[in-house]
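Heads up, input15.tsv below (TSV, C-alpha atoms):
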chain	number	residue	atom	x	y	z
A	28	MET	CA	16.51	40.83	6.55
A	29	VAL	CA	19.20	38.23	5.92
A	30	SER	CA	18.39	34.93	7.62
A	31	LYS	CA	20.81	33.39	10.13
A	32	ALA	CA	20.92	30.25	8.00
A	33	ILE	CA	22.27	32.26	5.06
A	34	LEU	CA	24.84	33.98	7.25
A	35	ARG	CA	26.01	30.64	8.67
A	36	SER	CA	26.26	29.14	5.20
A	37	GLY	CA	28.75	31.70	3.99
A	38	ILE	CA	26.81	32.30	0.76
A	39	ASN	CA	27.80	35.50	-0.98
A	40	LEU	CA	24.48	37.15	-1.75
A	41	ASP	CA	26.08	39.41	-4.36
A	42	GLN	CA	27.30	36.37	-6.32
A	43	LYS	CA	24.41	33.97	-5.67
A	44	LYS	CA	21.25	36.01	-5.42
A	45	GLY	CA	18.31	33.93	-4.31
A	46	VAL	CA	20.34	30.81	-3.52
A	47	LEU	CA	19.33	29.24	-0.21
A	48	PRO	CA	20.98	26.35	1.69
A	49	VAL	CA	17.80	24.29	1.59
A	50	GLN	CA	19.30	20.94	2.68
A	51	SER	CA	21.32	19.98	5.72
A	52	ASN	CA	24.20	17.56	5.30
A	53	ARG	CA	22.10	14.89	7.03
A	54	ILE	CA	19.35	15.23	4.46
A	55	LYS	CA	21.91	14.90	1.68
A	56	ARG	CA	23.07	11.56	3.14
A	57	ILE	CA	19.60	10.02	2.89
A	58	PRO	CA	18.80	8.24	-0.40
A	59	PRO	CA	15.51	9.10	-2.13
A	60	TYR	CA	12.57	7.53	-0.31
A	61	MET	CA	11.47	4.67	-2.51
A	62	PHE	CA	7.79	4.63	-1.54
A	63	ALA	CA	7.44	8.31	-2.42
A	64	GLU	CA	8.94	7.50	-5.82
A	65	LEU	CA	6.49	4.62	-6.31
A	66	ASP	CA	3.59	6.92	-5.43
A	67	ARG	CA	4.88	9.46	-7.95
A	68	LYS	CA	5.05	6.83	-10.70
A	69	LYS	CA	1.52	5.66	-9.93
A	70	ALA	CA	0.23	9.23	-10.09
A	71	GLU	CA	2.00	9.84	-13.41
A	72	ALA	CA	0.48	6.70	-14.92
A	73	ARG	CA	-3.01	7.60	-13.76
A	74	ALA	CA	-2.65	11.13	-15.12
A	75	LYS	CA	-1.83	9.63	-18.52
A	76	GLY	CA	-4.77	7.23	-18.35
A	77	ILE	CA	-2.48	4.18	-18.14
A	78	ASP	CA	-3.92	1.05	-16.55
A	79	LEU	CA	-1.12	0.38	-14.08
A	80	ILE	CA	-1.22	-2.68	-11.83
A	81	SER	CA	0.58	-1.81	-8.61
A	82	LEU	CA	2.32	-4.53	-6.63
A	83	GLY	CA	4.57	-1.91	-5.12
A	84	VAL	CA	3.19	-0.57	-1.84
A	85	GLY	CA	1.94	-2.62	1.11
A	86	ASP	CA	-1.33	-0.76	1.58
A	87	PRO	CA	-4.21	-3.16	2.38
A	88	ASP	CA	-7.10	-2.90	-0.09
A	89	GLN	CA	-9.69	-4.24	2.37
A	90	PRO	CA	-11.63	-1.93	4.76
A	91	PRO	CA	-11.15	-1.83	8.53
A	92	PRO	CA	-13.84	-3.42	10.72
A	93	ALA	CA	-17.09	-1.47	10.41
A	94	ALA	CA	-17.28	-1.05	14.19
A	95	VAL	CA	-13.96	0.84	14.10
A	96	VAL	CA	-15.30	3.36	11.59
A	97	ASP	CA	-18.49	3.80	13.62
A	98	ALA	CA	-16.50	4.34	16.81
A	99	CYS	CA	-14.42	7.05	15.15
A	100	ILE	CA	-17.50	8.86	13.83
A	101	GLU	CA	-19.14	8.77	17.25
A	102	ALA	CA	-15.97	10.05	18.93
A	103	VAL	CA	-15.58	12.91	16.47
A	104	ARG	CA	-19.10	14.09	17.30
A	105	ASP	CA	-18.18	14.39	20.99
A	106	PRO	CA	-16.70	17.88	21.53
A	107	SER	CA	-14.68	16.64	24.51
A	108	ASN	CA	-12.51	14.59	22.11
A	109	LEU	CA	-11.52	17.51	19.90
A	110	HIS	CA	-8.86	19.10	22.10
A	111	TYR	CA	-5.10	18.49	22.07
A	112	PRO	CA	-4.38	14.81	22.73
A	113	GLU	CA	-1.95	13.53	25.32
A	114	THR	CA	1.39	12.80	23.66
A	115	GLU	CA	1.77	9.40	25.31
A	116	GLY	CA	-1.76	8.40	24.32
A	117	VAL	CA	-5.10	8.27	26.11
A	118	PRO	CA	-5.20	5.72	28.94
A	119	GLU	CA	-8.01	3.78	27.23
A	120	PHE	CA	-5.86	3.11	24.17
A	121	ARG	CA	-2.80	2.07	26.14
A	122	ARG	CA	-4.85	-0.28	28.32
A	123	ALA	CA	-6.53	-1.77	25.25
A	124	ALA	CA	-3.14	-2.29	23.55
A	125	ALA	CA	-1.76	-4.02	26.65
A	126	ASP	CA	-4.85	-6.25	26.91
A	127	TRP	CA	-4.61	-7.15	23.21
A	128	TYR	CA	-0.95	-8.12	23.59
A	129	ARG	CA	-1.78	-10.35	26.53
A	130	ARG	CA	-4.55	-12.11	24.59
A	131	GLN	CA	-2.81	-12.25	21.21
A	132	PHE	CA	0.82	-12.89	22.14
A	133	GLY	CA	0.89	-13.83	25.83
A	134	VAL	CA	2.88	-10.70	26.75
A	135	GLU	CA	2.30	-8.70	29.94
A	136	VAL	CA	3.09	-4.96	29.96
A	137	ASP	CA	2.23	-2.06	32.25
A	138	PRO	CA	0.00	0.26	30.18
A	139	LYS	CA	1.10	3.29	32.21
A	140	LYS	CA	4.87	2.94	31.81
A	141	GLU	CA	5.46	0.33	29.12
A	142	VAL	CA	3.07	1.40	26.34
A	143	MET	CA	3.03	4.58	24.27
A	144	THR	CA	0.76	5.60	21.40
A	145	LEU	CA	2.48	6.56	18.12
A	146	ILE	CA	1.51	8.33	14.91
A	147	GLY	CA	2.17	5.01	13.20
A	148	SER	CA	5.13	2.77	13.99
A	149	LYS	CA	7.18	4.52	11.29
A	150	GLU	CA	7.09	7.75	13.26
A	151	GLY	CA	8.05	5.95	16.44
A	152	ILE	CA	11.04	4.19	14.90
A	153	ALA	CA	12.37	7.42	13.41
A	154	HIS	CA	11.95	9.35	16.65
A	155	LEU	CA	13.49	6.56	18.71
A	156	CYS	CA	16.71	7.15	16.78
A	157	LEU	CA	16.68	10.75	18.02
A	158	ALA	CA	16.07	9.51	21.55
A	159	LEU	CA	18.89	6.96	21.61
A	160	LEU	CA	21.62	7.97	19.15
A	161	ASP	CA	24.21	10.73	19.39
A	162	ASP	CA	26.36	12.01	16.53
A	163	GLY	CA	28.62	9.23	15.30
A	164	ASP	CA	26.84	6.42	17.14
A	165	TYR	CA	26.30	3.18	15.24
A	166	SER	CA	23.03	1.39	14.74
A	167	LEU	CA	22.88	-2.17	13.42
A	168	VAL	CA	20.42	-2.15	10.53
A	169	PRO	CA	19.27	-5.18	8.54
A	170	ASP	CA	20.01	-4.93	4.83
A	171	PRO	CA	17.53	-5.08	3.16
A	172	ALA	CA	15.20	-3.32	5.60
A	173	TYR	CA	12.30	-0.93	5.86
A	174	PRO	CA	14.03	2.37	4.93
A	175	VAL	CA	13.09	4.29	8.09
A	176	CYS	CA	15.65	2.34	10.17
A	177	ARG	CA	18.51	3.64	8.05
A	178	GLY	CA	16.99	7.05	7.41
A	179	GLY	CA	16.10	7.62	11.07
A	180	THR	CA	19.66	6.78	12.08
A	181	ILE	CA	21.08	9.29	9.62
A	182	LEU	CA	18.66	12.02	10.68
A	183	ALA	CA	19.82	11.49	14.27
A	184	GLY	CA	23.46	11.90	13.22
A	185	GLY	CA	24.20	8.22	13.61
A	186	ILE	CA	25.89	5.73	11.32
A	187	PRO	CA	23.85	2.76	10.06
A	188	HIS	CA	25.92	-0.42	9.90
A	189	PRO	CA	24.41	-3.09	7.63
A	190	MET	CA	23.59	-6.60	8.79
A	191	PRO	CA	23.20	-8.54	5.51
A	192	LEU	CA	20.05	-10.64	5.15
A	193	LEU	CA	21.01	-13.46	2.80
A	194	ALA	CA	18.91	-16.23	1.33
A	195	GLU	CA	21.35	-18.89	2.57
A	196	ASN	CA	20.71	-17.71	6.15
A	197	GLY	CA	16.95	-17.64	5.76
A	198	PHE	CA	17.16	-13.85	5.59
A	199	LEU	CA	18.23	-13.69	9.25
A	200	PRO	CA	21.27	-11.61	10.21
A	201	ASP	CA	24.35	-13.61	11.10
A	202	LEU	CA	25.08	-12.12	14.52
A	203	SER	CA	28.48	-13.84	14.67
A	204	ALA	CA	29.57	-11.99	11.52
A	205	ILE	CA	29.07	-8.52	13.03
A	206	ASP	CA	32.40	-6.78	13.53
A	207	THR	CA	33.21	-6.82	17.26
A	208	ASP	CA	34.50	-3.24	17.27
A	209	ILE	CA	31.30	-2.03	15.57
A	210	ALA	CA	29.14	-4.00	18.01
A	211	LYS	CA	30.94	-2.40	20.95
A	212	GLN	CA	30.21	1.07	19.57
A	213	ALA	CA	26.63	0.40	18.53
A	214	LYS	CA	23.68	1.49	20.64
A	215	VAL	CA	20.73	0.05	18.73
A	216	MET	CA	19.90	-3.08	16.77
A	217	PHE	CA	16.84	-3.08	14.50
A	218	LEU	CA	14.99	-6.32	13.83
A	219	ASN	CA	11.74	-7.05	11.99
A	220	TYR	CA	10.04	-10.46	11.85
A	221	PRO	CA	7.89	-11.40	10.03
A	222	ASN	CA	10.18	-9.45	7.76
A	223	ASN	CA	9.55	-6.63	5.35
A	224	PRO	CA	10.61	-6.93	2.53
A	225	THR	CA	11.69	-10.60	2.44
A	226	GLY	CA	8.69	-12.26	4.10
A	227	ALA	CA	11.06	-14.31	6.29
A	228	VAL	CA	10.16	-15.41	9.81
A	229	ALA	CA	12.33	-15.94	12.88
A	230	ASP	CA	12.20	-18.70	15.49
A	231	ALA	CA	12.80	-18.73	19.23
A	232	LYS	CA	16.45	-19.72	18.80
A	233	PHE	CA	17.17	-16.56	16.81
A	234	PHE	CA	15.39	-14.20	19.22
A	235	GLU	CA	17.12	-15.77	22.20
A	236	ALA	CA	20.50	-15.35	20.49
A	237	ALA	CA	19.70	-11.73	19.65
A	238	ILE	CA	18.78	-10.97	23.26
A	239	GLU	CA	22.02	-12.54	24.47
A	240	PHE	CA	23.98	-10.55	21.86
A	241	ALA	CA	22.32	-7.30	22.98
A	242	LYS	CA	23.15	-8.00	26.60
A	243	SER	CA	26.77	-8.79	25.72
A	244	TYR	CA	27.26	-5.50	23.89
A	245	ASP	CA	24.90	-3.29	25.92
A	246	LEU	CA	22.58	-2.76	22.95
A	247	ILE	CA	18.92	-1.83	22.73
A	248	ILE	CA	16.85	-4.00	20.38
A	249	CYS	CA	14.05	-2.30	18.48
A	250	HIS	CA	11.78	-4.96	16.99
A	251	ASP	CA	9.26	-3.97	14.32
A	252	PHE	CA	6.31	-6.37	14.68
A	253	ALA	CA	3.93	-4.66	12.29
A	254	TYR	CA	3.18	-7.94	10.47
A	255	GLY	CA	2.77	-10.07	13.58
A	256	THR	CA	-0.80	-11.10	12.75
A	257	VAL	CA	-0.23	-11.63	8.99
A	258	THR	CA	0.76	-15.30	8.96
A	259	PHE	CA	-0.15	-18.44	7.02
A	260	ASP	CA	-0.22	-22.23	6.98
A	261	GLY	CA	-0.64	-22.63	10.74
A	262	TYR	CA	2.35	-20.44	11.62
A	263	ARG	CA	1.93	-17.93	14.48
A	264	ALA	CA	4.61	-15.28	14.83
A	265	PRO	CA	6.03	-14.83	18.35
A	266	SER	CA	6.36	-11.39	19.88
A	267	PHE	CA	9.95	-10.45	20.67
A	268	LEU	CA	8.71	-9.43	24.12
A	269	SER	CA	7.53	-12.97	24.83
A	270	PHE	CA	11.14	-14.14	25.31
A	271	PRO	CA	12.92	-13.96	28.69
A	272	GLY	CA	15.04	-10.85	29.10
A	273	ALA	CA	13.57	-9.02	26.09
A	274	LYS	CA	11.99	-6.22	28.08
A	275	GLU	CA	15.28	-5.59	29.86
A	276	ILE	CA	17.02	-4.63	26.63
A	277	GLY	CA	14.38	-3.65	24.12
A	278	VAL	CA	11.07	-2.48	22.80
A	279	GLU	CA	8.64	-3.67	20.17
A	280	PHE	CA	6.83	-1.48	17.66
A	281	ASN	CA	3.41	-2.35	16.35
A	282	SER	CA	0.73	-0.69	14.32
A	283	LEU	CA	-2.97	-0.87	13.56
A	284	SER	CA	-2.18	-0.44	9.86
A	285	LYS	CA	-1.69	-4.07	8.89
A	286	PRO	CA	-3.79	-6.03	11.43
A	287	PHE	CA	-6.86	-3.82	11.04
A	288	ASN	CA	-6.40	-2.30	7.54
A	289	MET	CA	-5.89	1.18	9.02
A	290	THR	CA	-2.83	2.46	7.13
A	291	GLY	CA	-4.20	5.96	6.52
A	292	TRP	CA	-5.34	6.41	10.11
A	293	ARG	CA	-1.71	6.73	11.28
A	294	ILE	CA	-1.85	5.07	14.65
A	295	GLY	CA	0.59	2.64	16.19
A	296	PHE	CA	2.20	1.90	19.54
A	297	VAL	CA	5.43	0.83	21.20
A	298	LEU	CA	5.75	-1.53	24.15
A	299	GLY	CA	8.57	-2.72	26.37
A	300	ASN	CA	11.42	-1.20	28.33
A	301	PRO	CA	10.06	1.78	30.31
A	302	ASP	CA	13.32	3.75	30.20
A	303	VAL	CA	13.49	3.52	26.41
A	304	ILE	CA	9.84	4.53	26.12
A	305	ALA	CA	10.39	7.47	28.48
A	306	ALA	CA	13.30	8.66	26.31
A	307	LEU	CA	11.10	8.42	23.22
A	308	GLY	CA	8.47	10.43	25.10
A	309	VAL	CA	10.92	13.31	25.56
A	310	VAL	CA	11.39	13.53	21.80
A	311	LYS	CA	7.68	13.27	21.08
A	312	ASN	CA	6.79	15.93	23.65
A	313	ASN	CA	9.02	18.32	21.75
A	314	VAL	CA	8.07	17.49	18.16
A	315	ASP	CA	4.46	16.29	18.04
A	316	THR	CA	1.22	16.46	19.98
A	317	GLY	CA	0.04	12.89	19.74
A	318	VAL	CA	-2.73	11.13	17.85
A	319	PHE	CA	-6.18	12.68	17.40
A	320	ASN	CA	-8.30	11.31	20.25
A	321	PRO	CA	-11.14	9.94	18.09
A	322	ILE	CA	-8.63	7.83	16.17
A	323	GLN	CA	-7.26	6.47	19.46
A	324	LEU	CA	-10.79	5.62	20.61
A	325	ALA	CA	-11.42	3.91	17.29
A	326	GLY	CA	-8.23	1.98	18.01
A	327	VAL	CA	-9.71	0.83	21.31
A	328	LYS	CA	-12.61	-0.64	19.33
A	329	ALA	CA	-10.16	-2.23	16.88
A	330	PHE	CA	-8.42	-4.11	19.69
A	331	ALA	CA	-11.78	-5.68	20.53
A	332	THR	CA	-12.10	-7.14	17.02
A	333	PRO	CA	-12.77	-10.90	17.16
A	334	PRO	CA	-9.90	-13.18	16.03
A	335	GLU	CA	-12.04	-14.32	13.10
A	336	PHE	CA	-11.22	-11.01	11.40
A	337	PHE	CA	-7.51	-11.92	11.20
A	338	ALA	CA	-8.35	-15.40	9.98
A	339	LYS	CA	-10.49	-13.93	7.20
A	340	MET	CA	-7.81	-11.44	6.13
A	341	ASN	CA	-5.06	-14.06	6.21
A	342	GLU	CA	-7.12	-16.39	4.06
A	343	ILE	CA	-7.48	-13.61	1.48
A	344	TYR	CA	-3.73	-13.00	1.49
A	345	ARG	CA	-2.97	-16.74	1.44
A	346	ARG	CA	-5.04	-17.23	-1.72
A	347	ARG	CA	-3.33	-14.26	-3.36
A	348	ARG	CA	0.09	-15.55	-2.27
A	349	ASP	CA	-0.64	-18.93	-3.81
A	350	VAL	CA	-1.78	-17.37	-7.08
A	351	LEU	CA	1.29	-15.17	-7.36
A	352	VAL	CA	3.84	-17.78	-6.22
A	353	GLU	CA	2.43	-20.50	-8.46
A	354	GLY	CA	2.12	-18.08	-11.36
A	355	LEU	CA	5.70	-16.86	-11.07
A	356	ASN	CA	6.99	-20.42	-10.68
A	357	SER	CA	5.21	-21.35	-13.90
A	358	LEU	CA	7.26	-18.60	-15.56
A	359	GLY	CA	10.58	-20.03	-14.38
A	360	TRP	CA	11.00	-18.85	-10.80
A	361	HIS	CA	11.52	-21.24	-7.88
A	362	LEU	CA	9.81	-19.44	-5.02
A	363	GLU	CA	8.74	-20.94	-1.72
A	364	LYS	CA	5.47	-19.91	-0.14
A	365	THR	CA	6.12	-17.38	2.60
A	366	ARG	CA	4.65	-17.83	6.08
A	367	GLY	CA	4.46	-14.16	7.05
A	368	THR	CA	3.69	-10.65	5.71
A	369	PHE	CA	1.86	-9.95	2.46
A	370	TYR	CA	5.02	-9.63	0.35
A	371	LEU	CA	7.02	-11.78	-2.01
A	372	TRP	CA	10.76	-11.20	-2.35
A	373	VAL	CA	11.41	-12.16	-5.94
A	374	PRO	CA	14.89	-12.65	-7.49
A	375	VAL	CA	15.28	-10.77	-10.76
A	376	PRO	CA	16.08	-12.63	-14.00
A	377	GLU	CA	19.70	-13.09	-14.99
A	378	GLY	CA	21.20	-9.99	-16.56
A	379	HIS	CA	19.01	-7.58	-14.59
A	380	THR	CA	19.47	-5.43	-11.51
A	381	SER	CA	16.51	-4.73	-9.30
A	382	THR	CA	16.22	-1.30	-10.88
A	383	SER	CA	16.41	-2.49	-14.50
A	384	PHE	CA	13.87	-5.27	-13.94
A	385	ALA	CA	11.48	-2.93	-12.13
A	386	ALA	CA	11.84	-0.47	-15.02
A	387	LEU	CA	11.12	-3.23	-17.56
A	388	LEU	CA	7.95	-4.25	-15.75
A	389	LEU	CA	6.81	-0.64	-15.40
A	390	GLU	CA	7.54	0.50	-18.94
A	391	GLU	CA	6.59	-2.60	-20.92
A	392	ALA	CA	4.19	-4.55	-18.69
A	393	ARG	CA	2.63	-1.62	-16.82
A	394	VAL	CA	3.25	-3.49	-13.55
A	395	LEU	CA	4.74	-1.56	-10.64
A	396	VAL	CA	7.02	-3.39	-8.18
A	397	GLY	CA	9.48	-2.22	-5.53
A	398	PRO	CA	13.13	-2.47	-6.61
A	399	GLY	CA	15.12	-4.23	-3.90
A	400	ILE	CA	17.92	-1.66	-3.93
A	401	GLY	CA	15.47	0.73	-2.28
A	402	TYR	CA	15.72	-1.42	0.87
A	403	GLY	CA	19.51	-1.51	0.95
A	404	ASP	CA	22.52	-2.63	-1.05
A	405	TYR	CA	21.85	-6.31	-0.34
A	406	GLY	CA	18.36	-5.89	-1.76
A	407	ASP	CA	19.71	-5.49	-5.26
A	408	GLY	CA	18.91	-8.58	-7.26
A	409	TYR	CA	15.34	-8.70	-5.93
A	410	VAL	CA	12.03	-6.92	-6.32
A	411	ARG	CA	9.25	-6.84	-3.76
A	412	MET	CA	5.68	-7.66	-4.78
A	413	ALA	CA	2.74	-6.91	-2.48
A	414	LEU	CA	-0.41	-9.00	-2.17
A	415	THR	CA	-2.67	-6.01	-1.62
A	416	ILE	CA	-4.71	-6.19	-4.83
A	417	GLU	CA	-7.51	-8.49	-5.96
A	418	GLU	CA	-6.72	-11.97	-7.30
A	419	ASN	CA	-7.97	-11.13	-10.79
A	420	ARG	CA	-5.51	-8.23	-10.99
A	421	ILE	CA	-2.67	-10.48	-9.77
A	422	LYS	CA	-3.53	-12.92	-12.55
A	423	GLU	CA	-3.54	-10.09	-15.08
A	424	ALA	CA	-0.18	-8.87	-13.74
A	425	LEU	CA	1.22	-12.37	-14.28
A	426	GLU	CA	0.01	-12.35	-17.88
A	427	ARG	CA	1.67	-8.99	-18.45
A	428	ILE	CA	4.93	-10.14	-16.84
A	429	ALA	CA	4.93	-13.29	-18.96
A	430	ALA	CA	4.55	-11.20	-22.12
A	431	VAL	CA	7.77	-9.22	-21.50
A	432	LEU	CA	10.03	-12.05	-20.32
A	433	PRO	CA	12.50	-13.52	-22.82
A	434	LYS	CA	11.02	-16.50	-24.62

Please render this file's structure as structure tokens.
Amino acid sequence: MVSKAILRSGINLDQKKGVLPVQSNRIKRIPPYMFAELDRKKAEARAKGIDLISLGVGDPDQPPPAAVVDACIEAVRDPSNLHYPETEGVPEFRRAAADWYRRQFGVEVDPKKEVMTLIGSKEGIAHLCLALLDDGDYSLVPDPAYPVCRGGTILAGGIPHPMPLLAENGFLPDLSAIDTDIAKQAKVMFLNYPNNPTGAVADAKFFEAAIEFAKSYDLIICHDFAYGTVTFDGYRAPSFLSFPGAKEIGVEFNSLSKPFNMTGWRIGFVLGNPDVIAALGVVKNNVDTGVFNPIQLAGVKAFATPPEFFAKMNEIYRRRRDVLVEGLNSLGWHLEKTRGTFYLWVPVPEGHTSTSFAALLLEEARVLVGPGIGYGDYGDGYVRMALTIEENRIKEALERIAAVLPK
């Protein structure tokens, strides 16, 4: 039987036997996913027995709280937890997330209407694009940015419009520079502070201006707050939802991956505007069946983790940050110590692109970093380095980098 997809494609089976139209035009518009490429390079190196030091992927190397693991094991043993989950999340998880936000960030939300469980914030951001964007709609996407903002827009048929993040602006988008005609056509603005990949942070003045901008142009702000607890030197990151008017025009995504070292568990949540969350729920009801209940119940236990856990993790990352920043500065860089995330956004040496410098470090130093171009056109000229390996390995990576730099 000839498939409908083949008939629609117009392929002449007599001339092209066995040729299938395996990619939609939307898929063809999406650049290769950088993190998948980094994983592939790591796997290749390991298969060859190469001692590769990876500074490429932001995957915490520390374990989650022991009580979280125990809670998951206990929940898995309860047969009542093994059925289909509720797409919007079990009430216990949504209540616990709302309570945690009130304690941690001073934000009040209704757990019934203003909180939804996600299969990680990445999933939620991608599906929100399907919920909000029609073919040809614009989204305002930071450049550089976590790739799912751009990719999710394209998959929804939208057009991502870059908002350059430049060093001279503290890696904040210049809202006044956004083309007025584009702003009028845009439906969504993506923000992310503390910022991946640059490590930049945003103050109240910026968030207040962004809220006013969104109201002026009838935009929805989607703020990725995955690194909200990863801060240093006395800095505490504010939740976007803590500012007046934020809930009227936006939502905030968060995740248990970074605060609780639960990247592989794939659980996150979104909070904020109930109409936006309801629209996201329509998409999720049609494409997934929610998060495994035992993982949600483990998440409830995670939200009860004492604040000392974050202080301990941030002290680990702070020491690693200091080692890497001071080490790179001794090699000729002039980096400032970041106040948020566990990344460094490192300018490449003169004469290099982000791709060529990443290739040099991989091939000659056996150090894997993320080329900035993978985060957007304005990311070229930088590489991202993650602080998710032990200090002794960071020191060894510095020695390897020093050995391949021009003398």

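Between A:Val352 and the candidates A:Tyr254, A:Tyr402, A:Phe336, A:Tyr370, the tightest atom-to-atom separation, counting all atoms listed in the file, involves A:Tyr370.
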
Skip stretch 86-99 of chain A itself and residues of its chain fewer than 6 positions away, then list as a CSV table (one decimal) with C-alpha atoms, keeping the file's coordinate frame all residues within 7 Å of it, counting all atoms listed in the file.
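So the final result, stored in selection.csv, reads:
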chain,number,residue,atom,x,y,z
A,287,PHE,CA,-6.9,-3.8,11.0
A,288,ASN,CA,-6.4,-2.3,7.5
A,289,MET,CA,-5.9,1.2,9.0
A,290,THR,CA,-2.8,2.5,7.1
A,321,PRO,CA,-11.1,9.9,18.1
A,322,ILE,CA,-8.6,7.8,16.2
A,324,LEU,CA,-10.8,5.6,20.6
A,325,ALA,CA,-11.4,3.9,17.3
A,328,LYS,CA,-12.6,-0.6,19.3
A,329,ALA,CA,-10.2,-2.2,16.9
A,415,THR,CA,-2.7,-6.0,-1.6
A,416,ILE,CA,-4.7,-6.2,-4.8

**Request:** Find, counting only C-alpha atoms, the residue in A:Gly406, A:Gly178, A:Pro171, A:Pro301 that gets nearest to A:Met190.
**Result:**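 Closest to A:Met190 of all the choices is A:Pro171.
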
**Prompt:** Quick one: distance from atom CA of A:Gly408 to atom CA of A:Gly226 in Å, one decimal?
**Reply:**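 Separation between atom CA of A:Gly408 and atom CA of A:Gly226: 15.7 Å.
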
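As for atom CA of A:Val49 and atom CA of A:Gly179, they are spaced 19.3 Å apart.
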
**Request:** Fewer than 5 positions away in the same chain doesn't count, so skip those; otherwise give me all residues within 12 Å of A:Ala273, counting all atoms listed in the file, as a ChimeraX atom specification.
**Result:** /A:134-136,231,234-242,246-250,266-268,278-279,298-300

**Asked** If you measure from atom CA of A:Ile209 to atom CA of A:Leu192, what distance in Å do you get, rounded to one decimal?
**Response**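 Separating atom CA of A:Ile209 from atom CA of A:Leu192 is a distance of 17.6 Å.
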
**Item:** Spatial neighbours of A:Ala430, max dist 12 Å, only C-alpha atoms, sep filter under 2 positions, as JSON, numbers by chain
**Value:** {"A": [358, 387, 388, 391, 392, 393, 394, 423, 424, 425, 426, 427, 428, 432, 433, 434]}

Hey, what's within 9 Å of A:Gln323 if we count all atoms listed in the file and toss same-chain stuff fewer than 6 positions away? As a PDB file with C-alpha atoms, keeping the file's coordinate frame, please?
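selection-v4.pdb, written as the output of this step:
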ATOM      1  CA  CYS A  99     -14.420   7.050  15.150  1.00  0.00           C
ATOM      2  CA  GLY A 116      -1.760   8.400  24.320  1.00  0.00           C
ATOM      3  CA  VAL A 117      -5.100   8.270  26.110  1.00  0.00           C
ATOM      4  CA  GLU A 119      -8.010   3.780  27.230  1.00  0.00           C
ATOM      5  CA  PHE A 120      -5.860   3.110  24.170  1.00  0.00           C
ATOM      6  CA  THR A 144       0.760   5.600  21.400  1.00  0.00           C
ATOM      7  CA  ILE A 294      -1.850   5.070  14.650  1.00  0.00           C
TER       8      ILE A 294
END

**Exercise: A:Gly147 partners within 8 Å, only C-alpha atoms, chain neighbours under 4 positions left out, as a ChimeraX atom specification** = /A:151,282-284,293-296

**Answer as an MDAnalysis selection string, residues within 12 Å of (25.3, -11.4, 10.6) using all atoms listed in the file** = chainID A and resid 167:170 188:193 195:207 210 216 218 233 236:237 240

Hey, which bits of stretch 357-379 of chain A sit within 12 Å of stretch 62-82 of chain A, and for each residue what's the closest pair of atoms and how far apart in Å (one decimal), counting all atoms listed in the file, rows by chain and increasing number, as JSON lines?
{"residue": "A:Phe369", "atom": "CA", "partner": "A:Leu82", "partner_atom": "CA", "distance": 10.6}
{"residue": "A:Tyr370", "atom": "CA", "partner": "A:Leu82", "partner_atom": "CA", "distance": 9.1}
{"residue": "A:Leu371", "atom": "CA", "partner": "A:Leu82", "partner_atom": "CA", "distance": 9.8}
{"residue": "A:Trp372", "atom": "CA", "partner": "A:Leu82", "partner_atom": "CA", "distance": 11.6}
{"residue": "A:Val373", "atom": "CA", "partner": "A:Leu82", "partner_atom": "CA", "distance": 11.9}

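Proximity ranking of A:Phe217, A:Thr225, A:Val396, A:Ile100 relative to A:Ala194 places A:Thr225 first, based on all atoms listed in the file.
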
**Item:** Selection as an NGL selection string: residues within 7 Å of (28.6, 4.3, 13.4), counting only C-alpha atoms
**Value:** :A and (163-166 or 185-188 or 213)

Okay, now the selection with C-alpha atoms, as a short mmCIF file (atom, residue, chain, number, x, y, z; two decimals), in the frame of the given file?
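The file below, part-v7.cif, is the result:
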data_model
loop_
_atom_site.label_atom_id
_atom_site.label_comp_id
_atom_site.auth_asym_id
_atom_site.auth_seq_id
_atom_site.Cartn_x
_atom_site.Cartn_y
_atom_site.Cartn_z
CA GLY A 163 28.62 9.23 15.30
CA ASP A 164 26.84 6.42 17.14
CA TYR A 165 26.30 3.18 15.24
CA SER A 166 23.03 1.39 14.74
CA GLY A 185 24.20 8.22 13.61
CA ILE A 186 25.89 5.73 11.32
CA PRO A 187 23.85 2.76 10.06
CA HIS A 188 25.92 -0.42 9.90
CA ALA A 213 26.63 0.40 18.53
#

For the contact check between stretch 301-351 of chain A and stretch 256-260 of chain A, emit one row per residue of stretch 301-351 of chain A within 8 Å, containing the shortest atom pair and the distance in Å rounded to one decimal, counting all atoms listed in the file, chain then rising number order, as CSV.
residue,atom,partner,partner_atom,distance
A:Phe337,CA,A:Thr256,CA,6.9
A:Asn341,CA,A:Val257,CA,6.1
A:Glu342,CA,A:Phe259,CA,7.8
A:Arg345,CA,A:Phe259,CA,6.5

**Request:** Using all atoms listed in the file, pick whichever of A:Lys274, A:Lys311, A:Arg263, A:Lys285 has the shortest atom-to-atom distance to A:Phe132.
**Result:**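 Nearest to A:Phe132: A:Arg263.
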